[in-house]
Amino acid sequence: MTADAPTENGGPRTEHALPPLALVAAMSLNRVIGRLGELPWHEPEDLRHFRDLTVGHAVIMGRKTFDVLGKPLPRRRNLIITRKPDWTSEGCEVFADLASAIAAARTTDAEPRIIGGGEIYAQALPLATIIHLTVIGIQVEGDAFFPELDDKVWRERERRGSGHLAFRTLERVGTGS
Ligand SMILES: NC(=O)c1ccc[n+]([C@@H]2O[C@H](COP(=O)([O-])OP(=O)(O)OC[C@H]3O[C@@H](n4cnc5c(N)ncnc54)[C@H](OP(=O)(O)O)[C@@H]3O)[C@@H](O)[C@H]2O)c1
């Protein structure tokens with residue numbers, strides 16, 4: 001059986017048994033997601049897209065991404081991953097590893113959102129079932145990157161274009177990263 005073989009109802013066959021977990025990210029054409037702790041662009045339409053995808057959900061992020069935000073995202077459960085045992089911040093839940101953050105998120109959210117940054121995307125990719133990926137049609141210098149995707153594992157389900165932005169939805173059709 002290959003990932004391309006149709007199912008009985010004609011839908012795509014998924015050869016994994018992972019529970020739902022979404023990655024939400026924006027990257028440039030050269031896969032940059034951040035530079036010097038910041039987003040290297042200002043794209044209000046993508047910020048609205050991000051809000052629409054995350055409000056009402058549990059959002060899981062690395063401590064460096066939280067530092068960029070500076071405060072918890074409103075109307076979302078904010079789960080922060082850090083190795084610093086004493087780290088706290090008001091309105092945030094703190095976890096020492098990704099697996100325990102995901103397990104806690106699932107107690108209230110059937111499809112938690114992983115919202116970065118680069119370290120956390122890379123660790124979460126093998127567990128993800130869907131990726132909401134905005135591709136910003138520019139080349140920029142950066143120091144944080146979105147991981148490469150294997151097209152045997154990830155298949156594009158939807159793509160909407162808006163100027164130099166492409167809003168892509170990729171779904172897992174195989175095992176691996
Ligand atoms: N374009 C986008 O969609 C997007 C989204 C989010 C972020 N960003 C950008 O990405 C950059 C930040 O990404 P980053 O890769 O540098 O950092 P990050 O992934 O946000 O956070 C890394 C931190 O998470 C903690 N951590 C990572 N793995 C862990 C583990 N297994 N167990 C416990 N803690 C763990 C550590 O925190 P401690 O050091 O506290 O131990 C580590 O320093 C920024 O430039 C930001 O603007 C872009």
# chains A, B, ... in the order shown; residues from 1 in each chain; ligands from 1
>>> residues_near_ligand(ligand="ligand 1", cutoff="7 Å", atoms="only C-alpha atoms and all ligand atoms", output="MDAnalysis selection string")
chainID A and resid 24:27 33:39 61:66 68 81:84 96:98 115:121 144
>>> write_last_selection(atoms="N, CA and C atoms", output="compact mmCIF listing (two decimals), in the first residue's frame")
# COMPACT_ATOMS: atom_id res chain seq x y z
N VAL A 24 1.83 25.69 13.20
CA VAL A 24 1.43 26.94 12.54
C VAL A 24 2.69 27.79 12.41
N ALA A 25 3.06 28.13 11.16
CA ALA A 25 4.33 28.83 10.95
C ALA A 25 4.24 29.71 9.71
N ALA A 26 5.15 30.68 9.66
CA ALA A 26 5.34 31.49 8.46
C ALA A 26 6.82 31.49 8.15
N MET A 27 7.15 31.25 6.87
CA MET A 27 8.57 31.24 6.50
C MET A 27 8.77 31.98 5.17
N ILE A 33 12.45 31.78 9.47
CA ILE A 33 11.29 32.15 10.30
C ILE A 33 11.61 33.28 11.27
N GLY A 34 12.89 33.56 11.50
CA GLY A 34 13.24 34.59 12.47
C GLY A 34 14.66 35.10 12.25
N ARG A 35 14.88 36.32 12.75
CA ARG A 35 16.22 36.90 12.69
C ARG A 35 16.41 37.75 13.93
N LEU A 36 17.46 37.47 14.68
CA LEU A 36 17.77 38.22 15.91
C LEU A 36 16.55 38.29 16.83
N GLY A 37 15.83 37.16 16.91
CA GLY A 37 14.70 37.08 17.84
C GLY A 37 13.43 37.74 17.35
N GLU A 38 13.42 38.19 16.10
CA GLU A 38 12.23 38.89 15.59
C GLU A 38 11.75 38.18 14.33
N LEU A 39 10.50 38.52 13.94
CA LEU A 39 10.04 38.13 12.60
C LEU A 39 10.66 39.12 11.61
N MET A 61 4.80 26.77 22.73
CA MET A 61 5.94 27.49 22.13
C MET A 61 7.19 27.33 22.98
N GLY A 62 8.33 27.54 22.35
CA GLY A 62 9.59 27.59 23.06
C GLY A 62 9.71 28.89 23.84
N ARG A 63 10.57 28.85 24.86
CA ARG A 63 10.73 30.04 25.72
C ARG A 63 11.23 31.24 24.92
N LYS A 64 12.05 31.02 23.90
CA LYS A 64 12.56 32.18 23.13
C LYS A 64 11.44 32.83 22.33
N THR A 65 10.53 32.03 21.82
CA THR A 65 9.38 32.62 21.11
C THR A 65 8.51 33.39 22.08
N PHE A 66 8.32 32.86 23.28
CA PHE A 66 7.55 33.62 24.27
C PHE A 66 8.22 34.95 24.56
N VAL A 68 9.87 36.76 22.58
CA VAL A 68 9.56 37.67 21.47
C VAL A 68 8.17 38.27 21.67
N ILE A 81 7.72 25.94 26.81
CA ILE A 81 8.71 24.88 27.07
C ILE A 81 10.06 25.53 27.38
N THR A 82 10.63 25.13 28.51
CA THR A 82 11.94 25.68 28.90
C THR A 82 12.69 24.64 29.73
N ARG A 83 14.01 24.70 29.66
CA ARG A 83 14.84 23.85 30.54
C ARG A 83 15.18 24.58 31.84
N LYS A 84 14.77 25.82 31.94
CA LYS A 84 15.07 26.61 33.15
C LYS A 84 14.06 26.22 34.24
N ALA A 96 8.84 21.21 31.10
CA ALA A 96 10.27 20.93 30.94
C ALA A 96 10.56 20.17 29.65
N ASP A 97 9.53 19.73 28.94
CA ASP A 97 9.77 19.04 27.68
C ASP A 97 8.52 19.12 26.81
N LEU A 98 8.72 18.84 25.54
CA LEU A 98 7.63 18.98 24.57
C LEU A 98 6.51 17.97 24.83
N ILE A 115 3.48 26.64 17.91
CA ILE A 115 3.66 27.93 17.23
C ILE A 115 5.11 28.40 17.21
N GLY A 116 6.07 27.48 17.37
CA GLY A 116 7.47 27.85 17.18
C GLY A 116 8.22 27.92 18.49
N GLY A 117 9.46 28.32 18.31
CA GLY A 117 10.17 28.69 17.07
C GLY A 117 10.85 27.51 16.43
N GLY A 118 12.01 27.77 15.84
CA GLY A 118 12.70 26.77 15.04
C GLY A 118 13.02 25.49 15.79
N GLU A 119 13.52 25.62 17.02
CA GLU A 119 13.86 24.40 17.80
C GLU A 119 12.61 23.55 18.03
N ILE A 120 11.52 24.22 18.36
CA ILE A 120 10.31 23.48 18.73
C ILE A 120 9.64 22.91 17.47
N TYR A 121 9.66 23.63 16.37
CA TYR A 121 9.11 23.06 15.14
C TYR A 121 9.86 21.77 14.79
N ALA A 144 16.83 31.53 12.36
CA ALA A 144 15.90 30.46 12.77
C ALA A 144 15.15 30.02 11.51
>>> residues_around(residues="Ala110 (chain A)", least_positions_apart="2", cutoff="10 Å", atoms="only C-alpha atoms", output="VMD selection string")
chain A and resid 19 to 21 57 to 58 105 to 108 112 to 113
>>> residues_around(residues="Thr129 (chain A)", least_positions_apart="2", cutoff="12 Å", atoms="only C-alpha atoms", output="PyMOL selection string")
chain A and resi 14-24+111-114+124-127+131-132+153-155+169-177
>>> select_by_dssp(residues="region 16-84 of chain A", states="strand (DSSP E)", output="PyMOL selection string")
chain A and resi 22-28+32-34+58-62+77-81
>>> select_by_dssp(residues="chain A", states="alpha helix (DSSP H)", output="number ranges by chain")
A: 44-54, 63-69, 98-106, 118-124
>>> write_last_selection(atoms="N, CA and C atoms", output="compact mmCIF listing (two decimals), in the first residue's frame")
# COMPACT_ATOMS: atom_id res chain seq x y z
N PRO A 44 0.51 42.00 8.22
CA PRO A 44 -0.74 41.98 9.00
C PRO A 44 -1.70 40.87 8.56
N GLU A 45 -1.75 40.57 7.26
CA GLU A 45 -2.68 39.53 6.82
C GLU A 45 -2.28 38.17 7.40
N ASP A 46 -0.99 37.92 7.50
CA ASP A 46 -0.57 36.65 8.09
C ASP A 46 -0.83 36.64 9.60
N LEU A 47 -0.71 37.78 10.25
CA LEU A 47 -1.02 37.83 11.69
C LEU A 47 -2.49 37.53 11.93
N ARG A 48 -3.36 38.02 11.03
CA ARG A 48 -4.80 37.70 11.15
C ARG A 48 -5.04 36.20 10.92
N HIS A 49 -4.34 35.66 9.94
CA HIS A 49 -4.44 34.21 9.64
C HIS A 49 -3.99 33.41 10.87
N PHE A 50 -2.88 33.82 11.48
CA PHE A 50 -2.37 33.15 12.68
C PHE A 50 -3.41 33.23 13.80
N ARG A 51 -3.98 34.41 14.00
CA ARG A 51 -4.99 34.56 15.06
C ARG A 51 -6.18 33.63 14.80
N ASP A 52 -6.66 33.60 13.55
CA ASP A 52 -7.81 32.76 13.23
C ASP A 52 -7.52 31.28 13.50
N LEU A 53 -6.28 30.86 13.27
CA LEU A 53 -5.92 29.45 13.45
C LEU A 53 -5.68 29.08 14.91
N THR A 54 -5.45 30.08 15.76
CA THR A 54 -5.01 29.75 17.12
C THR A 54 -5.98 30.15 18.23
N ARG A 63 10.57 28.85 24.86
CA ARG A 63 10.73 30.04 25.72
C ARG A 63 11.23 31.24 24.92
N LYS A 64 12.05 31.02 23.90
CA LYS A 64 12.56 32.18 23.13
C LYS A 64 11.44 32.83 22.33
N THR A 65 10.53 32.03 21.82
CA THR A 65 9.38 32.62 21.11
C THR A 65 8.51 33.39 22.08
N PHE A 66 8.32 32.86 23.28
CA PHE A 66 7.55 33.62 24.27
C PHE A 66 8.22 34.95 24.56
N ASP A 67 9.54 34.95 24.65
CA ASP A 67 10.24 36.21 24.93
C ASP A 67 9.97 37.24 23.83
N VAL A 68 9.87 36.76 22.58
CA VAL A 68 9.56 37.67 21.47
C VAL A 68 8.17 38.27 21.67
N LEU A 69 7.21 37.42 22.05
CA LEU A 69 5.84 37.91 22.24
C LEU A 69 5.76 38.87 23.44
N LEU A 98 8.72 18.84 25.54
CA LEU A 98 7.63 18.98 24.57
C LEU A 98 6.51 17.97 24.83
N ALA A 99 6.87 16.73 25.14
CA ALA A 99 5.85 15.68 25.30
C ALA A 99 4.88 16.03 26.42
N SER A 100 5.40 16.53 27.54
CA SER A 100 4.46 16.84 28.64
C SER A 100 3.62 18.05 28.31
N ALA A 101 4.14 19.01 27.54
CA ALA A 101 3.32 20.16 27.13
C ALA A 101 2.19 19.69 26.21
N ILE A 102 2.50 18.80 25.28
CA ILE A 102 1.46 18.32 24.35
C ILE A 102 0.40 17.54 25.13
N ALA A 103 0.84 16.70 26.06
CA ALA A 103 -0.13 15.91 26.84
C ALA A 103 -1.05 16.82 27.63
N ALA A 104 -0.51 17.86 28.23
CA ALA A 104 -1.34 18.80 29.00
C ALA A 104 -2.29 19.55 28.06
N ALA A 105 -1.80 19.96 26.91
CA ALA A 105 -2.65 20.70 25.95
C ALA A 105 -3.84 19.85 25.53
N ARG A 106 -3.60 18.55 25.37
CA ARG A 106 -4.67 17.67 24.88
C ARG A 106 -5.80 17.47 25.89
N GLY A 118 12.01 27.77 15.84
CA GLY A 118 12.70 26.77 15.04
C GLY A 118 13.02 25.49 15.79
N GLU A 119 13.52 25.62 17.02
CA GLU A 119 13.86 24.40 17.80
C GLU A 119 12.61 23.55 18.03
N ILE A 120 11.52 24.22 18.36
CA ILE A 120 10.31 23.48 18.73
C ILE A 120 9.64 22.91 17.47
N TYR A 121 9.66 23.63 16.37
CA TYR A 121 9.11 23.06 15.14
C TYR A 121 9.86 21.77 14.79
N ALA A 122 11.19 21.81 14.89
CA ALA A 122 11.99 20.64 14.50
C ALA A 122 11.66 19.43 15.40
N GLN A 123 11.48 19.68 16.69
CA GLN A 123 11.18 18.57 17.60
C GLN A 123 9.75 18.06 17.43
N ALA A 124 8.83 18.96 17.07
CA ALA A 124 7.42 18.58 16.97
C ALA A 124 7.07 17.98 15.61
>>> closest_residue(among="A:Val135, A:Leu79, A:Leu29, A:Val59", to="Leu165 (chain A)", atoms="only C-alpha atoms")
A:Val135
